[in-house]
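In what follows, a structure is listed as structure tokens, so that the remarks can point back to it.
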Amino acid sequence: MKDELRKKQTLYKRKFFFILHPSSFILRNASFILCRKGFTLLEVLIALAIISGLLITLIYTVNYQLGIVERQETVTVATLLAKSALTELEKKPESKKGKFEAPYEAYTYEIAVKDSPYPGVKEITVIVTAGKEEVKLNQYIYK
């Protein structure tokens, strides 16, 4: 009895055998084998569309961040140049315009010295520009 039951189970197992996988579907019958492996064109196109969308977003984000970094670098250099000009003018304040020396020839400055409303105090204004960016620093000195 057990042998007959085992024969039926093995015949049943041999008759149909299913394997389900995302990229392949295999149906095995005693005389018929259907085997499909790989990806369809639609699956490949959808994957390419998703990857290209992600790459475009990534490139846009990196480009935007590089623009911000470049702007902040320009503002930082302009601020440091304005502070150095203010330090030099504390000894002998005078109004003038000009360009900075190399490697900062892209930066221009304008210095204005005027009397403040307080007696004996002068106001020094330094404006440093580079392209569209402008940094303005004010300082009061006693003279």
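Every chain in the structure tokens takes a letter, A first, then B, and so on in the order presented; its residues are numbered from 1, and the ligands are numbered from 1 following the presented order.
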Item to check | 10 Å contact set for Glu90 in chain A, only C-alpha atoms, chain neighbours under 3 positions out, as a PyMOL selection string | outcome: chain A and resi 85-87+93-94+124+139-143
Export, as a PDB file, in the first residue's frame, the selected residues with C-alpha atoms.
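The new file selection.pdb reads:
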ATOM      1  CA  ALA A  85      41.629  97.258   3.366  1.00  0.00           C
ATOM      2  CA  LEU A  86      39.961  98.545   6.539  1.00  0.00           C
ATOM      3  CA  THR A  87      42.982  97.528   8.600  1.00  0.00           C
ATOM      4  CA  PRO A  93      42.193 107.091   5.976  1.00  0.00           C
ATOM      5  CA  GLU A  94      41.641 108.353   2.413  1.00  0.00           C
ATOM      6  CA  ILE A 124      35.192 104.453   6.603  1.00  0.00           C
ATOM      7  CA  GLN A 139      34.004 101.135  10.438  1.00  0.00           C
ATOM      8  CA  TYR A 140      34.224 104.161  12.711  1.00  0.00           C
ATOM      9  CA  ILE A 141      37.663 105.383  13.782  1.00  0.00           C
ATOM     10  CA  TYR A 142      38.653 108.112  16.215  1.00  0.00           C
ATOM     11  CA  LYS A 143      40.963 110.747  14.694  1.00  0.00           C
TER      12      LYS A 143
END
Next on the checklist: Excluding Thr108 in chain A and its own-chain neighbours fewer than 2 positions away, which residues fall within 7 Å of it when counting only C-alpha atoms? Please give them as number ranges by chain.
Outcome noted: A: 98-100, 106, 128-130
Atoms kept (C-alpha atoms) for selection, written as a PDB file, in the first residue's frame:
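Final output, out.pdb:
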ATOM      1  CA  GLY A  98      40.925 100.548  -7.612  1.00  0.00           C
ATOM      2  CA  LYS A  99      41.581  96.872  -8.224  1.00  0.00           C
ATOM      3  CA  PHE A 100      43.303  94.399  -5.988  1.00  0.00           C
ATOM      4  CA  ALA A 106      38.729  90.155 -10.457  1.00  0.00           C
ATOM      5  CA  VAL A 128      34.379  95.232  -2.629  1.00  0.00           C
ATOM      6  CA  THR A 129      32.730  93.868  -5.790  1.00  0.00           C
ATOM      7  CA  ALA A 130      33.341  90.749  -7.829  1.00  0.00           C
TER       8      ALA A 130
END
Item to check | Å distance separating CA of Val135 in chain A from CA of Tyr104 in chain A, one decimal place | outcome: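 These atoms are spaced 14.6 Å apart.
Every protein, DNA or RNA residue with an atom at most 6 Å from Glu110 in chain A, where only C-alpha atoms count and chain neighbours fewer than 3 positions away do not, is listed here: Lys97, Val126 and Ile127 of chain A.
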Restricted to C-alpha atoms, what would the selected residues look like written as a compact mmCIF listing (two decimals), in the first residue's frame?
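Result file follows (out_21.txt):
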# COMPACT_ATOMS: atom_id res chain seq x y z
CA LYS A 97 38.98 103.32 -5.98
CA VAL A 126 34.75 99.81 1.96
CA ILE A 127 32.81 98.25 -0.92
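Using only C-alpha atoms, the shortest contact distance between Ala78 in chain A and any of A:Lys122, A:Lys114, A:Lys132, A:Lys92 is found at A:Lys132.
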